[in-house]
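Participant: What follows is my_file08.cif; its format and atoms are mmCIF, C-alpha atoms.
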data_work
loop_
_atom_site.group_PDB
_atom_site.id
_atom_site.type_symbol
_atom_site.label_atom_id
_atom_site.label_comp_id
_atom_site.auth_asym_id
_atom_site.auth_seq_id
_atom_site.Cartn_x
_atom_site.Cartn_y
_atom_site.Cartn_z
ATOM 1 C CA MET K 20 -5.674 0.792 10.694
ATOM 2 C CA LEU K 21 -5.302 4.155 9.038
ATOM 3 C CA GLY K 22 -6.759 7.196 10.712
ATOM 4 C CA LEU K 23 -9.857 8.797 9.257
ATOM 5 C CA GLU K 24 -8.091 12.144 8.819
ATOM 6 C CA PHE K 25 -5.328 10.515 6.786
ATOM 7 C CA LYS K 26 -7.879 8.740 4.599
ATOM 8 C CA LYS K 27 -9.683 12.034 4.014
ATOM 9 C CA ARG K 28 -6.418 13.659 2.886
ATOM 10 C CA TRP K 29 -5.494 10.805 0.524
ATOM 11 C CA PRO K 30 -7.153 12.406 -2.548
ATOM 12 C CA ASP K 31 -5.023 15.525 -1.982
ATOM 13 C CA PHE K 32 -1.861 13.553 -2.761
ATOM 14 C CA SER K 33 -0.477 13.094 -6.264
ATOM 15 C CA LEU K 34 -0.031 9.589 -7.638
ATOM 16 C CA PHE K 35 3.680 9.906 -6.922
ATOM 17 C CA GLU K 36 3.000 10.792 -3.276
ATOM 18 C CA GLN K 37 0.431 8.027 -2.873
ATOM 19 C CA LEU K 38 2.787 5.412 -4.280
ATOM 20 C CA ALA K 39 5.645 6.744 -2.125
ATOM 21 C CA HIS K 40 3.513 6.081 0.964
ATOM 22 C CA VAL K 41 2.708 2.582 -0.315
ATOM 23 C CA GLY K 42 6.390 1.985 -1.047
ATOM 24 C CA SER K 43 7.423 3.030 2.456
ATOM 25 C CA ASP K 44 5.186 0.385 3.967
ATOM 26 C CA VAL K 45 6.348 -2.232 1.470
ATOM 27 C CA ASP K 46 9.914 -1.368 2.498
ATOM 28 C CA ARG K 47 8.949 -1.829 6.167
ATOM 29 C CA THR K 48 7.338 -5.148 5.260
ATOM 30 C CA ILE K 49 10.517 -6.400 3.614
ATOM 31 C CA HIS K 50 12.677 -5.135 6.480
ATOM 32 C CA TRP K 51 10.675 -6.946 9.178
ATOM 33 C CA TRP K 52 10.241 -10.060 7.021
ATOM 34 C CA GLN K 53 14.011 -10.348 6.651
ATOM 35 C CA LYS K 54 14.424 -9.848 10.415
ATOM 36 C CA GLY K 55 12.027 -12.742 10.987
ATOM 37 C CA ASP K 56 9.308 -10.617 12.593
ATOM 38 C CA VAL K 57 6.442 -11.918 10.481
ATOM 39 C CA LYS K 58 3.721 -10.322 12.620
ATOM 40 C CA THR K 59 5.136 -6.810 12.241
ATOM 41 C CA ALA K 60 5.874 -7.459 8.566
ATOM 42 C CA LEU K 61 2.285 -8.475 7.881
ATOM 43 C CA ASN K 62 0.996 -5.456 9.810
ATOM 44 C CA SER K 63 3.080 -3.229 7.525
ATOM 45 C CA LEU K 64 1.839 -5.140 4.501
ATOM 46 C CA ASP K 65 -1.770 -4.628 5.603
ATOM 47 C CA ILE K 66 -1.149 -0.882 5.722
ATOM 48 C CA ALA K 67 0.511 -0.943 2.285
ATOM 49 C CA LEU K 68 -2.455 -2.846 0.843
ATOM 50 C CA GLU K 69 -4.930 -0.472 2.490
ATOM 51 C CA LEU K 70 -3.085 2.496 0.973
ATOM 52 C CA LEU K 71 -3.012 0.770 -2.386
ATOM 53 C CA ASP K 72 -6.764 0.178 -2.110
ATOM 54 C CA LEU K 73 -7.258 3.907 -1.525
ATOM 55 C CA THR K 74 -5.147 4.624 -4.604
ATOM 56 C CA ILE K 75 -7.118 2.103 -6.672
ATOM 57 C CA ALA K 76 -10.370 3.751 -5.530
ATOM 58 C CA ASP K 77 -9.126 7.210 -6.562
ATOM 59 C CA PRO K 78 -10.947 8.053 -9.825
ATOM 60 C CA ARG K 79 -8.022 10.172 -11.045
ATOM 61 C CA TRP K 80 -5.992 7.022 -11.699
ATOM 62 C CA LYS K 81 -8.614 5.052 -13.631
ATOM 63 C CA ASN K 82 -6.249 4.844 -16.625
ATOM 64 C CA SER K 83 -3.680 3.078 -14.431
ATOM 65 C CA LEU K 84 -6.142 0.738 -12.753
ATOM 66 C CA LYS K 85 -4.775 -2.420 -14.387
ATOM 67 C CA GLU K 86 -1.239 -1.772 -13.126
ATOM 68 C CA LEU K 87 -2.389 -0.767 -9.640
ATOM 69 C CA VAL K 88 -4.569 -3.853 -9.217
ATOM 70 C CA ARG K 89 -1.805 -6.107 -10.526
ATOM 71 C CA THR K 90 0.656 -4.548 -8.065
ATOM 72 C CA ARG K 91 -1.749 -5.282 -5.209
ATOM 73 C CA GLU K 92 -2.169 -8.863 -6.399
ATOM 74 C CA VAL K 93 1.585 -9.482 -6.602
ATOM 75 C CA LEU K 94 2.237 -7.988 -3.157
ATOM 76 C CA ALA K 95 -0.490 -10.017 -1.493
ATOM 77 C CA ASP K 96 0.617 -13.192 -3.249
ATOM 78 C CA ARG K 97 4.279 -12.669 -2.320
ATOM 79 C CA PHE K 98 3.646 -12.395 1.396
ATOM 80 C CA TYR K 99 0.357 -14.237 1.954
ATOM 81 C CA GLY K 100 0.843 -16.926 -0.685
ATOM 82 C CA SER K 101 -1.549 -17.954 -3.405
#
Show me this structure written as structure tokens.
Facilitator:
Amino acid sequence: MLGLEFKKRWPDFSLFEQLAHVGSDVDRTIHWWQKGDVKTALNSLDIALELLDLTIADPRWKNSLKELVRTREVLADRFYGS
């Protein structure tokens, strides 16, 4: 889903910037979910989860790994179910 160039630039972003990108797609997910457009909502969620996966894989944030993984789990569970 994400372009290769964007993925290559991901390590250049601070944790704040990475999580802001994730948050933007979570916001889109909520917006479309509330509008009843589940397909678009889940597409936005997939992007948010992909971005979160890139953040989790970033070795700079290894001390925050527990929180990042838990965030991913809660998001996936909220929209995809358990």
Participant: So how many Å separate atom CA of K:Gln37 and atom CA of K:Thr74, to one decimal?
Facilitator: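 A separation of 6.8 Å between them.
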Participant: Just want the 8 Å neighbourhood of stretch 41-52 of chain K, counted on all atoms listed in the file, with same-chain residues fewer than 3 positions away dropped. Output as a list in words.
Facilitator: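 Everything that qualifies: Gln37, Leu38, Gly55, Asp56, Val57, Thr59, Ala60, Leu61, Asn62, Ser63, Leu64, Ile66, Ala67, Leu68, Leu70 and Leu71 of chain K.
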Participant: How many Å lie between atom CA of K:Arg79 and atom CA of K:Gly22, rounded to one decimal?
Facilitator: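 Taking atom CA of K:Arg79 and atom CA of K:Gly22, their separation equals 22.0 Å.
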Participant: Which of these residues is nearest to K:Lys81, using only C-alpha atoms: K:Arg97, K:Leu34, K:Gln53, K:Phe25?
Facilitator: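 Smallest separation from K:Lys81 among the options: K:Leu34.
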Participant: One decimal, Å: what's the distance from atom CA of K:Ala95 over to atom CA of K:Phe35, could you say?
Facilitator: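 Taking atom CA of K:Ala95 and atom CA of K:Phe35, their separation equals 21.1 Å.
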Participant: To test the calculation: enclose all listed atoms of stretch 32-47 of chain K in a box whose edges run along x, y and z, add 4 Å on each side, then state centre and edge lengths in Å to one decimal, as lines of an AutoDock Vina configuration file.
Facilitator:
center_x = 4.0
center_y = 5.7
center_z = -0.7
size_x = 19.8
size_y = 23.8
size_z = 21.8
Participant: Restricting the calculation to all atoms listed in the file, which member of K:Glu86, K:Asp96, K:Asp77, K:Glu69 is positioned closest to K:His40?
Facilitator: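 Under the stated criterion, the closest residue is K:Glu69.
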Participant: Nearest to K:Arg91 among K:Leu73, K:Trp29, K:Glu36, K:Pro78, with distances taken over only C-alpha atoms: which residue is it?
Facilitator: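 Comparing K:Leu73, K:Trp29, K:Glu36, K:Pro78 against K:Arg91, the winner is K:Leu73.
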Participant: Given all atoms listed in the file as the basis, pick out the residue of K:Glu92, K:Gly100, K:Leu84, K:Ala76 nearest to K:Lys26.
Facilitator: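 Result for the nearest residue to K:Lys26: K:Ala76.
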